[in-house]
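**Student:** My structure is in structure_16.txt, and what it holds is compact mmCIF, C-alpha atoms:
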# COMPACT_ATOMS: atom_id res chain seq x y z
CA MET A 1 55.61 199.91 164.55
CA PRO A 2 57.33 201.74 167.43
CA GLU A 3 60.84 200.59 168.23
CA PHE A 4 60.10 199.45 171.77
CA LEU A 5 57.73 196.79 170.41
CA GLY A 6 60.61 195.05 168.59
CA PRO A 7 61.01 192.20 171.11
CA VAL A 8 57.26 191.58 171.10
CA LYS A 9 57.37 191.33 167.33
CA GLY A 10 59.94 188.61 167.76
CA PHE A 11 57.58 186.68 170.02
CA GLY A 12 54.92 187.19 167.41
CA VAL A 13 56.92 185.09 164.99
CA THR A 14 57.11 182.31 167.54
CA PHE A 15 53.41 182.60 168.31
CA ARG A 16 52.43 182.40 164.65
CA GLN A 17 54.29 179.11 164.25
CA MET A 18 51.93 177.47 166.72
CA PHE A 19 49.15 177.56 164.17
CA LYS A 20 51.18 176.10 161.33
CA LYS A 21 50.96 172.48 160.37
CA VAL A 22 53.70 170.28 161.83
CA ASP A 23 56.08 169.04 159.17
CA THR A 24 57.38 166.05 161.10
CA VAL A 25 56.65 162.57 159.79
CA GLU A 26 56.37 160.22 162.74
CA TYR A 27 58.61 157.75 160.99
CA PRO A 28 58.32 154.30 162.55
CA GLU A 29 54.54 154.58 162.82
CA VAL A 30 53.84 156.64 159.71
CA LYS A 31 55.78 155.84 156.58
CA ARG A 32 55.49 158.17 153.65
CA ASP A 33 55.69 156.40 150.31
CA THR A 34 58.85 156.93 148.38
CA GLU A 35 58.83 158.24 144.85
CA PRO A 36 57.77 155.43 142.49
CA ARG A 37 61.21 155.30 140.87
CA PHE A 38 63.11 155.35 144.16
CA HIS A 39 66.22 153.19 144.13
CA GLY A 40 65.61 150.73 146.93
CA ARG A 41 66.84 147.18 147.27
CA HIS A 42 66.89 144.90 144.26
CA GLN A 43 64.51 142.20 143.20
CA LEU A 44 64.96 139.29 140.83
CA ASN A 45 61.81 139.01 138.77
CA ARG A 46 59.96 135.98 137.46
CA TRP A 47 58.01 135.04 134.37
CA PRO A 48 54.26 134.60 134.89
CA ASP A 49 54.71 130.85 135.33
CA GLY A 50 57.28 131.28 138.07
CA LEU A 51 60.47 130.64 136.13
CA GLU A 52 63.26 133.09 136.83
CA LYS A 53 64.08 135.79 134.35
CA CYS A 54 67.75 135.84 135.26
CA ILE A 55 69.89 134.04 132.70
CA GLY A 56 73.15 134.29 134.60
CA CYS A 57 74.88 136.47 132.00
CA GLU A 58 76.75 138.53 134.61
CA LEU A 59 76.17 141.80 132.76
CA CYS A 60 74.94 143.34 136.01
CA ALA A 61 78.13 142.31 137.75
CA TRP A 62 80.19 143.83 134.96
CA ALA A 63 78.21 147.05 135.02
CA CYS A 64 78.49 147.45 138.77
CA PRO A 65 80.87 150.28 139.65
CA ALA A 66 81.30 149.03 143.20
CA ASP A 67 81.81 145.29 142.44
CA ALA A 68 78.85 144.51 144.64
CA ILE A 69 77.26 141.77 142.53
CA TYR A 70 78.45 138.22 142.19
CA VAL A 71 76.80 135.87 139.72
CA GLU A 72 77.50 132.31 138.72
CA GLY A 73 75.60 130.94 135.76
CA GLY A 74 74.38 127.37 135.54
CA ASP A 75 73.02 125.25 132.71
CA ASN A 76 69.34 124.44 132.57
CA SER A 77 68.58 120.84 131.82
CA PRO A 78 65.23 119.42 130.66
CA GLY A 79 64.74 117.74 134.01
CA GLU A 80 65.71 120.78 136.06
CA ARG A 81 64.72 124.08 134.59
CA TYR A 82 64.90 127.40 136.42
CA SER A 83 64.69 129.89 133.54
CA PRO A 84 63.32 129.59 130.01
CA GLY A 85 66.69 129.94 128.28
CA GLU A 86 69.76 127.75 128.21
CA ARG A 87 71.26 129.24 131.33
CA TYR A 88 70.14 130.54 134.70
CA GLY A 89 71.82 132.31 137.57
CA SER A 90 72.67 129.51 139.98
CA VAL A 91 74.40 131.84 142.44
CA TYR A 92 73.32 135.43 142.78
CA GLN A 93 74.60 137.68 145.52
CA ILE A 94 74.42 141.40 146.09
CA ASN A 95 76.62 142.84 148.78
CA TYR A 96 74.62 145.70 150.22
CA LEU A 97 77.69 146.97 152.00
CA ARG A 98 79.15 147.76 148.58
CA CYS A 99 76.04 148.49 146.55
CA ILE A 100 75.45 152.20 146.03
CA LEU A 101 71.95 151.62 144.57
CA CYS A 102 72.87 153.47 141.39
CA GLY A 103 70.79 151.26 139.12
CA LEU A 104 73.44 150.60 136.46
CA CYS A 105 72.83 146.89 136.93
CA VAL A 106 69.16 147.39 136.14
CA GLU A 107 70.12 149.24 132.97
CA ALA A 108 72.50 146.47 132.00
CA CYS A 109 70.06 143.62 132.51
CA PRO A 110 68.97 142.27 129.11
CA THR A 111 65.94 140.34 130.37
CA ARG A 112 64.61 142.84 132.89
CA ALA A 113 65.29 140.24 135.53
CA LEU A 114 66.83 142.72 137.93
CA THR A 115 64.81 145.71 139.03
CA MET A 116 64.68 147.79 142.15
CA THR A 117 61.98 147.97 144.77
CA ASN A 118 61.00 150.80 147.08
CA GLU A 119 62.16 149.01 150.20
CA TYR A 120 64.94 150.68 152.09
CA GLU A 121 64.97 149.29 155.61
CA ILE A 122 67.97 147.01 155.25
CA ALA A 123 70.28 148.05 158.10
CA ASP A 124 71.77 145.12 159.98
CA ASP A 125 74.39 144.38 162.57
CA SER A 126 76.46 141.81 160.73
CA ARG A 127 78.32 141.89 157.48
CA GLU A 128 77.24 138.41 156.39
CA ASN A 129 73.55 139.26 156.62
CA LEU A 130 74.05 142.17 154.29
CA ILE A 131 75.27 139.97 151.47
CA TRP A 132 71.86 139.15 150.08
CA THR A 133 71.55 135.85 148.29
CA LYS A 134 69.30 134.71 145.50
CA GLU A 135 66.60 133.39 147.81
CA GLN A 136 66.28 136.77 149.48
CA LEU A 137 66.34 138.71 146.24
CA LEU A 138 63.88 136.63 144.23
CA ALA A 139 60.40 138.06 143.88
CA PRO A 140 57.75 136.20 145.88
CA LEU A 141 55.59 133.72 144.01
CA GLU A 142 52.36 135.32 142.90
CA GLU A 143 49.04 133.90 141.79
CA GLY A 144 49.55 131.20 139.17
CA MET A 145 53.27 130.93 139.72
CA GLU A 146 55.04 127.75 140.62
CA GLN A 147 58.33 127.28 142.39
CA PRO A 148 61.08 126.34 139.91
CA PRO A 149 62.47 123.99 138.76
CA HIS A 150 59.66 123.06 136.41
CA PRO A 151 59.19 122.95 132.61
CA MET A 152 58.12 126.00 130.63
CA ARG A 153 54.40 126.49 131.06
CA LEU A 154 53.77 129.37 128.72
CA GLY A 155 54.43 127.67 125.42
CA LYS A 156 56.42 124.97 123.76
CA THR A 157 58.81 127.12 121.83
CA GLU A 158 60.87 130.10 122.74
CA ARG A 159 58.67 132.33 120.59
CA ASP A 160 55.48 131.18 122.26
CA TYR A 161 56.93 131.57 125.67
CA TYR A 162 58.25 135.07 125.37
CA SER A 163 55.27 136.51 123.53
CA ARG A 164 52.96 135.09 126.17
CA GLY A 165 55.20 136.12 129.00
CA ALA A 166 55.13 139.68 127.73
CA GLY A 167 51.33 139.51 127.63
CA GLY A 168 51.13 139.67 123.84
CA PRO A 169 48.97 137.47 121.61
CA GLY A 170 51.26 134.53 121.20
CA PRO A 171 50.79 131.86 118.56
CA GLY A 172 49.49 128.59 119.87
CA ARG A 173 48.02 130.18 122.92
CA GLU A 174 45.09 127.80 123.03
CA ALA A 175 47.20 124.68 123.19
CA GLU A 176 48.02 124.57 126.88
CA PRO A 177 51.14 122.46 127.25
CA GLU A 178 50.99 119.81 129.90
CA ASP A 179 54.13 118.54 131.49
CA GLY A 180 54.95 114.89 131.03
CA ALA A 181 57.67 112.62 129.78
CA ASP A 182 57.00 113.38 126.09
CA GLU A 183 56.82 117.09 126.84
CA ASP A 184 60.21 117.02 128.41
CA GLY A 185 61.52 115.19 125.41
CA THR A 186 60.35 117.82 122.92
CA GLU A 187 61.59 120.52 125.17
CA ALA A 188 65.00 118.99 125.30
CA ALA A 189 65.07 118.98 121.50
CA ASN A 190 64.07 122.61 121.42
CA TRP A 191 66.69 123.64 123.84
CA ALA A 192 69.70 121.61 122.77
CA PRO A 193 72.47 124.12 122.17
CA GLY A 194 72.97 123.14 118.51
CA ALA A 195 69.29 122.86 117.60
CA GLY A 196 68.62 126.52 116.99
CA LYS A 197 71.55 126.89 114.66
CA ALA A 198 70.54 123.93 112.56
CA ASP A 199 67.11 125.48 112.03
CA ARG A 200 68.57 128.67 110.76
CA MET B 1 55.69 134.41 192.69
CA GLY B 2 56.56 136.26 195.86
CA LEU B 3 56.95 139.97 195.51
CA GLU B 4 54.49 140.76 192.73
CA GLU B 5 51.52 139.42 194.68
CA LYS B 6 52.22 141.50 197.76
CA LEU B 7 52.54 144.80 195.93
CA PRO B 8 49.69 147.30 195.87
CA SER B 9 48.28 148.07 192.43
CA GLY B 10 49.93 150.68 190.27
CA ILE B 11 53.46 149.50 190.94
CA LEU B 12 55.42 148.06 188.08
CA LEU B 13 58.32 145.74 188.60
CA THR B 14 61.21 145.45 186.21
CA THR B 15 64.81 144.37 186.17
CA VAL B 16 67.76 146.68 186.55
CA GLU B 17 68.94 145.53 183.13
CA LYS B 18 65.70 146.54 181.44
CA LEU B 19 65.56 149.86 183.27
CA ALA B 20 69.15 150.67 182.37
CA GLY B 21 68.50 149.64 178.79
CA TYR B 22 65.42 151.84 178.63
CA ALA B 23 67.26 154.81 180.06
CA ARG B 24 70.19 154.33 177.76
CA LYS B 25 68.19 153.94 174.60
CA SER B 26 65.96 156.91 175.34
CA SER B 27 68.71 159.49 175.23
CA VAL B 28 71.50 158.39 172.99
CA TRP B 29 73.60 161.42 172.31
CA PRO B 30 75.36 161.14 169.00
CA ALA B 31 78.91 162.28 168.36
CA THR B 32 78.54 163.09 164.73
CA PHE B 33 81.43 162.13 162.59
CA GLY B 34 80.34 163.63 159.29
CA LEU B 35 82.96 162.90 156.69
CA ALA B 36 81.21 163.21 153.35
CA CYS B 37 77.83 163.35 151.66
CA CYS B 38 76.22 161.08 154.27
CA ALA B 39 76.65 163.92 156.73
CA ILE B 40 74.14 165.93 154.71
CA GLU B 41 71.54 163.23 155.23
CA LEU B 42 72.55 163.08 158.88
CA MET B 43 71.84 166.78 159.21
CA ALA B 44 68.54 166.32 157.41
CA THR B 45 67.63 163.66 159.95
CA GLY B 46 68.04 166.23 162.68
CA GLY B 47 65.79 168.67 160.84
CA PRO B 48 62.09 169.24 161.47
CA ARG B 49 60.76 166.70 158.99
CA HIS B 50 62.49 163.70 160.50
CA ASP B 51 63.20 165.19 163.90
CA LEU B 52 65.81 163.10 165.67
CA ALA B 53 64.74 164.83 168.89
CA ARG B 54 61.77 162.46 169.04
CA PHE B 55 64.24 159.79 170.16
CA GLY B 56 66.06 162.01 172.62
CA MET B 57 68.95 162.50 170.24
CA GLU B 58 68.70 166.19 169.49
CA ARG B 59 71.98 167.00 171.12
CA ALA B 60 74.46 166.25 168.34
CA SER B 61 77.57 166.31 170.39
CA ASN B 62 80.85 167.82 169.33
CA THR B 63 82.36 166.71 172.59
CA PRO B 64 83.09 163.00 172.55
CA ARG B 65 83.11 162.80 176.35
CA GLN B 66 79.41 163.54 176.44
CA ALA B 67 78.48 161.27 173.56
CA ASP B 68 77.20 157.69 173.48
CA LEU B 69 76.87 156.98 169.81
CA MET B 70 79.27 157.66 167.00
CA VAL B 71 77.64 157.93 163.60
CA VAL B 72 80.42 157.51 161.08
CA ALA B 73 78.88 159.23 158.11
CA GLY B 74 81.02 158.99 155.02
CA ARG B 75 84.18 157.43 153.65
CA VAL B 76 87.04 157.19 156.13
CA SER B 77 90.37 157.99 154.56
CA GLN B 78 93.54 156.40 155.87
CA LYS B 79 94.56 159.77 157.19
CA MET B 80 91.31 160.23 159.11
CA ALA B 81 91.44 156.77 160.65
CA PRO B 82 93.63 157.61 163.67
CA VAL B 83 91.52 160.67 164.39
CA LEU B 84 88.36 158.59 164.31
CA ARG B 85 89.86 156.04 166.64
CA GLN B 86 90.93 158.77 169.04
CA ILE B 87 87.45 160.27 169.12
CA TYR B 88 86.07 156.82 169.78
CA ASP B 89 88.52 156.24 172.62
CA GLN B 90 87.58 159.56 174.17
CA MET B 91 83.91 158.64 174.32
CA SER B 92 82.79 157.30 177.67
CA GLU B 93 81.33 153.83 178.13
CA PRO B 94 78.82 152.57 177.15
CA LYS B 95 79.24 153.60 173.55
CA TRP B 96 77.93 152.45 170.20
CA VAL B 97 78.86 152.96 166.59
CA ILE B 98 76.66 153.20 163.51
CA SER B 99 78.49 152.87 160.25
CA MET B 100 76.38 155.02 157.98
CA GLY B 101 76.55 154.47 154.25
CA VAL B 102 78.40 151.91 152.19
CA CYS B 103 81.67 153.86 152.23
CA ALA B 104 81.95 153.72 155.99
CA SER B 105 80.70 150.15 156.07
CA SER B 106 82.97 148.59 153.48
CA GLY B 107 84.65 151.25 151.41
CA GLY B 108 81.76 151.15 148.96
CA MET B 109 82.74 151.99 145.44
CA PHE B 110 86.01 153.53 146.60
CA ASN B 111 88.02 150.38 146.53
CA ASN B 112 91.40 152.06 146.58
CA TYR B 113 94.44 152.73 148.73
CA ALA B 114 93.19 156.00 150.19
CA ILE B 115 90.01 154.73 151.80
CA VAL B 116 89.70 152.40 154.78
CA GLN B 117 87.71 149.41 153.53
CA GLY B 118 85.17 149.43 156.31
CA VAL B 119 85.30 151.42 159.51
CA ASP B 120 85.13 148.15 161.45
CA HIS B 121 88.84 147.83 160.82
CA ILE B 122 89.24 150.64 163.33
CA VAL B 123 86.29 150.58 165.73
CA PRO B 124 83.69 147.90 166.54
CA VAL B 125 80.50 148.64 164.62
CA ASP B 126 77.07 147.87 166.04
CA ILE B 127 74.86 148.63 163.05
CA TYR B 128 75.80 148.70 159.40
CA LEU B 129 73.61 150.96 157.32
CA PRO B 130 73.73 150.48 153.54
CA GLY B 131 72.82 153.17 151.06
CA CYS B 132 74.69 155.82 149.16
CA PRO B 133 73.81 158.00 150.93
CA PRO B 134 71.07 156.43 153.06
CA ARG B 135 67.95 158.54 153.22
CA PRO B 136 66.98 159.90 156.65
CA GLU B 137 64.39 157.16 157.10
CA MET B 138 67.09 154.56 156.63
CA LEU B 139 69.17 156.22 159.33
CA LEU B 140 66.15 156.33 161.62
CA ASP B 141 65.59 152.65 160.92
CA ALA B 142 69.20 151.91 161.85
CA ILE B 143 68.84 153.97 165.02
CA LEU B 144 65.70 152.09 165.97
CA LYS B 145 67.47 148.78 165.41
CA LEU B 146 70.26 150.07 167.62
CA HIS B 147 67.72 151.06 170.28
CA ASP B 148 66.46 147.52 170.24
CA LYS B 149 70.00 146.28 170.71
CA ILE B 150 70.63 148.70 173.57
CA GLN B 151 67.39 147.77 175.29
CA ASN B 152 68.29 144.10 175.22
CA SER B 153 71.92 144.45 176.21
CA LYS B 154 73.10 142.88 179.42
CA LEU B 155 74.88 144.40 182.39
CA GLY B 156 77.89 143.60 184.54
CA ALA B 157 79.03 139.99 184.74
CA ASP B 158 76.46 138.84 182.19
CA ARG B 159 77.74 141.39 179.72
CA ARG B 160 81.32 140.30 180.24
CA ALA B 161 80.31 136.67 179.73
CA GLU B 162 78.44 137.62 176.57
CA ILE B 163 81.47 139.44 175.17
CA GLU B 164 83.67 136.49 175.96
CA GLU B 165 81.24 134.13 174.25
CA LEU B 166 81.05 136.27 171.11
CA GLU B 167 84.82 136.56 171.05
CA GLN B 168 85.26 132.81 171.30
CA ALA B 169 82.68 132.21 168.59
CA ARG B 170 84.52 134.56 166.28
CA LEU B 171 87.89 133.03 167.01
CA ARG B 172 86.55 129.54 166.32
CA ARG B 173 85.09 130.52 162.99
CA LEU B 174 87.05 129.71 159.89
CA PRO B 175 87.38 132.55 157.39
CA LEU B 176 85.39 130.85 154.65
CA ALA B 177 83.58 128.12 156.52
CA ALA B 178 80.62 130.17 157.71
CA GLY B 179 78.41 132.98 156.58
CA ALA B 180 76.85 134.02 153.35
CA VAL B 181 79.37 132.71 150.87
CA LEU B 182 79.05 129.17 152.01
CA HIS B 183 75.41 128.53 152.56
CA LEU B 184 75.11 128.09 148.82
CA ALA B 185 74.73 124.85 146.98
CA ALA B 186 78.43 124.36 146.40
CA PRO B 187 80.51 123.18 149.37
CA ALA B 188 83.51 125.14 150.53
CA ALA B 189 86.37 123.10 149.26
CA PRO B 190 85.53 122.99 145.53
CA ARG B 191 84.90 126.73 145.50
CA LEU B 192 88.27 127.36 147.01
CA ALA B 193 89.95 124.99 144.63
CA ALA B 194 88.27 126.66 141.68
CA GLY B 195 89.44 130.03 142.92
CA PRO B 196 91.59 131.26 140.02
CA ALA B 197 88.88 130.49 137.48
CA GLN B 198 86.29 132.65 139.22
CA PRO B 199 85.71 136.29 138.44
CA ALA B 200 87.54 138.72 140.65
CA SER B 201 84.42 140.22 142.16
CA GLY B 202 83.42 136.99 143.87
CA GLN B 203 86.73 136.52 145.52
CA GLY B 204 86.77 140.10 146.65
CA GLN B 205 83.45 139.64 148.32
CA GLY B 206 84.42 136.57 150.27
CA GLY B 207 87.76 137.93 151.33
CA GLU B 208 86.35 141.27 152.30
CA GLY B 209 83.77 139.77 154.62
CA ALA B 210 86.37 137.67 156.36
CA ALA B 211 88.86 140.49 156.69
CA GLY B 212 86.28 142.89 158.09
CA HIS B 213 85.28 140.45 160.72
CA GLU B 214 88.74 139.80 161.89
CA GLY B 215 89.29 143.50 162.16
CA ALA B 216 86.20 143.90 164.27
CA ALA B 217 86.82 140.86 166.41
CA GLY B 218 90.05 142.26 167.74
CA HIS B 219 88.38 145.25 169.29
CA GLU B 220 85.09 143.84 170.36
CA GLY B 221 86.23 142.25 173.59
CA ALA B 222 88.36 145.12 174.74
CA ASP B 223 86.01 147.97 174.08
CA HIS B 224 82.54 146.93 174.99
What does the file become when written as structure tokens?
**Tutor:**
Amino acid sequence: MPEFLGPVKGFGVTFRQMFKKVDTVEYPEVKRDTEPRFHGRHQLNRWPDGLEKCIGCELCAWACPADAIYVEGGDNSPGERYSPGERYGSVYQINYLRCILCGLCVEACPTRALTMTNEYEIADDSRENLIWTKEQLLAPLEEGMEQPPHPMRLGKTERDYYSRGAGGPGPGREAEPEDGADEDGTEAANWAPGAGKADR
Amino acid sequence: MGLEEKLPSGILLTTVEKLAGYARKSSVWPATFGLACCAIELMATGGPRHDLARFGMERASNTPRQADLMVVAGRVSQKMAPVLRQIYDQMSEPKWVISMGVCASSGGMFNNYAIVQGVDHIVPVDIYLPGCPPRPEMLLDAILKLHDKIQNSKLGADRRAEIEELEQARLRRLPLAAGAVLHLAAPAAPRLAAGPAQPASGQGQGGEGAAGHEGAAGHEGADH
């Protein structure tokens, strides 16, 4: 190419770009999906009957490098049951002004109660609103779920419950437990703190 | 009403407030204050894929006099704090602040003596943006929320009255008697009394929220 055509060549680069596909994502209208394992905001999961998976053990709070999680455990009672175990998380807060979304809490969680979603639009104009509480973090009730507190619906014993909750073939699957006064009574026996030890 | 009926078609009426809000939100020029890794995401937001220019914000200003919005992107060290405040003071009114990332918003995981625990100790913050670092979409989301705020802001005497009202509301509020910590099942007094028995993280959270707000409240009236 002769030297005097140099500037024209430069325009040629500009001209060629007009036929290329535009890379811009028109964000508020078009939202590209994140990667499936994107670290978005947290979610507190539920068992298939609606009971909470969180047992209030505070391992997430201990694992958190930014001290963003605050948990208070509470005792389940036969009349008021939020999770299948002895304990549940009565207070659960995540401070999204501290949380760095690293996922160490998810790794620490022994019951897979805490996982992360792909939601990321959590900017706000006040500090209080960014401390998310348990009600905001809990997963929405799906088909067949019931708002706790209620008795365990997936089986009478711990073994039944967890094998069913995991989707496995649990023993005694046919016998659908029905809640009532006697049911609560047996449940209380099952879940008394000393009962398990005596069996062993 | 009167005027609308007498107008010929094709003429739109609006208020001065709405028009000013529309004009302001449509060309917010950011004074970038990139301090750490968040600044990388901030630059990515200006790139072709996310294209901040769609919102009239392509001119990332390095001159605070010509800027409207300060995006504090990254952790603010104690040594940087006076500089940040000076840049903010040099910006002309009206001006807004986005605290981008958890470090700017609350110190994040750097809970130590070197880092300011929330940029709202120094300047009044309009939008807090969590994330470490927030992805460009999160920043765009924060900017859009700010646009909404700008569009609905008041002018003149109404604005002054609004500031005064907010200031009074903040002064009336007790440190632990409102907000997230207290809308739980337990009332305030027992939680306070049980203070020493609680884990440290919980106390830090409550105290931090209160402290940040007092820091912000001091500036809010004077600056806006």
**Student:** Using atom CA of Arg81 of chain A and atom CA of Gln43 of chain A as the two end points, give the distance in Å to one decimal.
**Tutor:**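 Between these atoms lies a distance of 20.1 Å.
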**Student:** Enumerate as a ChimeraX atom specification the residues belonging to chain B that approach chain A to within 6 Å, with all atoms listed in the file taken into account.
**Tutor:** /B:48-50,102,105-106,108-109,126-132,138,142,179-180,201-202
**Student:** Distance atom CA of Pro148 of chain A-atom CA of Val106 of chain A, one decimal place?
**Tutor:**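 A separation of 22.9 Å between them.
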**Student:** With a distance cut-off of 12 Å and only C-alpha atoms, select the neighbouring residues of Gly50 of chain A, excluding the residue or stretch itself and same-chain residues fewer than 4 positions from it, and output the selection as a ChimeraX atom specification.
**Tutor:** /A:44-46,54,81-84,138-154,165
**Student:** Please dump the current selection as a JSON list (two decimals), in the frame of the given file; keep C-alpha atoms.
**Tutor:**
[["chain", "number", "residue", "atom", "x", "y", "z"],
["A", 44, "LEU", "CA", 64.96, 139.29, 140.83],
["A", 45, "ASN", "CA", 61.81, 139.01, 138.77],
["A", 46, "ARG", "CA", 59.96, 135.98, 137.46],
["A", 54, "CYS", "CA", 67.75, 135.84, 135.26],
["A", 81, "ARG", "CA", 64.72, 124.08, 134.59],
["A", 82, "TYR", "CA", 64.90, 127.40, 136.42],
["A", 83, "SER", "CA", 64.69, 129.89, 133.54],
["A", 84, "PRO", "CA", 63.32, 129.59, 130.01],
["A", 138, "LEU", "CA", 63.88, 136.63, 144.23],
["A", 139, "ALA", "CA", 60.40, 138.06, 143.88],
["A", 140, "PRO", "CA", 57.75, 136.20, 145.88],
["A", 141, "LEU", "CA", 55.59, 133.72, 144.01],
["A", 142, "GLU", "CA", 52.36, 135.32, 142.90],
["A", 143, "GLU", "CA", 49.04, 133.90, 141.79],
["A", 144, "GLY", "CA", 49.55, 131.20, 139.17],
["A", 145, "MET", "CA", 53.27, 130.93, 139.72],
["A", 146, "GLU", "CA", 55.04, 127.75, 140.62],
["A", 147, "GLN", "CA", 58.33, 127.28, 142.39],
["A", 148, "PRO", "CA", 61.08, 126.34, 139.91],
["A", 149, "PRO", "CA", 62.47, 123.99, 138.76],
["A", 150, "HIS", "CA", 59.66, 123.06, 136.41],
["A", 151, "PRO", "CA", 59.19, 122.95, 132.61],
["A", 152, "MET", "CA", 58.12, 126.00, 130.63],
["A", 153, "ARG", "CA", 54.40, 126.49, 131.06],
["A", 154, "LEU", "CA", 53.77, 129.37, 128.72],
["A", 165, "GLY", "CA", 55.20, 136.12, 129.00]]
**Student:** Would you please work out which residue, of B:Ser27, B:Thr32, B:Ser153, B:Thr45, is nearest to Ser61 of chain B when using all atoms listed in the file?
**Tutor:** B:Thr32
**Student:** Hey, can you check how far atom CA of Thr111 of chain A sits from atom CA of Glu135 of chain A?
**Tutor:**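 Atom-to-atom, atom CA of Thr111 of chain A and atom CA of Glu135 of chain A are spaced 18.8 Å apart.
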**Student:** Skip Gln90 of chain B itself and residues of its chain fewer than 6 positions away, then list as a PDB file with C-alpha atoms, in the coordinates of the input all residues within 12 Å of it, counting only C-alpha atoms.
**Tutor:**
ATOM      1  CA  ALA B  31      78.910 162.280 168.360  1.00  0.00           C
ATOM      2  CA  ASN B  62      80.850 167.820 169.330  1.00  0.00           C
ATOM      3  CA  THR B  63      82.360 166.710 172.590  1.00  0.00           C
ATOM      4  CA  PRO B  64      83.090 163.000 172.550  1.00  0.00           C
ATOM      5  CA  ARG B  65      83.110 162.800 176.350  1.00  0.00           C
ATOM      6  CA  GLN B  66      79.410 163.540 176.440  1.00  0.00           C
ATOM      7  CA  ALA B  67      78.480 161.270 173.560  1.00  0.00           C
ATOM      8  CA  ASP B  68      77.200 157.690 173.480  1.00  0.00           C
ATOM      9  CA  LEU B  69      76.870 156.980 169.810  1.00  0.00           C
ATOM     10  CA  MET B  70      79.270 157.660 167.000  1.00  0.00           C
ATOM     11  CA  VAL B  83      91.520 160.670 164.390  1.00  0.00           C
ATOM     12  CA  LEU B  84      88.360 158.590 164.310  1.00  0.00           C
ATOM     13  CA  ASP B 223      86.010 147.970 174.080  1.00  0.00           C
TER      14      ASP B 223
END
**Student:** Excluding segment 52-57 of chain B and its own-chain neighbours fewer than 3 positions away, which residues fall within 9 Å of it when counting only C-alpha atoms? Please give them as a PyMOL selection string.
**Tutor:** (chain A and resi 26) or (chain B and resi 25-30+45-48+60+140+144)
**Student:** Choose the residue, out of A:Asp49, A:Glu35, A:Glu29, A:Glu3, that has the smallest atom-to-atom separation from Tyr162 of chain A; count all atoms listed in the file.
**Tutor:**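 Counting all atoms listed in the file, the residue closest to Tyr162 of chain A is A:Asp49.
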**Student:** Take the point (64.9, 140.4, 187.6) in the file's coordinates, draw a sphere of radius 12 Å around it, and report as a list in words every protein, DNA or RNA residue with an atom inside or on it, counting all atoms listed in the file.
**Tutor:**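 It turns out the residues near that spot are Leu3, Glu4, Leu13, Thr14, Thr15, Val16, Glu17, Lys18, Leu19, Lys154 and Leu155 of chain B.
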**Student:** Restricting the calculation to only C-alpha atoms, which member of B:Met80, B:Glu41, B:Ile11, B:Ala73 is positioned closest to Gly101 of chain B?
**Tutor:**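 Nearest candidate to Gly101 of chain B out of B:Met80, B:Glu41, B:Ile11, B:Ala73: B:Ala73.
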**Student:** May I have the residues within 9 Å of Cys109 of chain A as a ChimeraX atom specification, using all atoms listed in the file and disregarding those fewer than 3 positions away in the same chain?
**Tutor:** /A:54,57-60,104-106,112-115
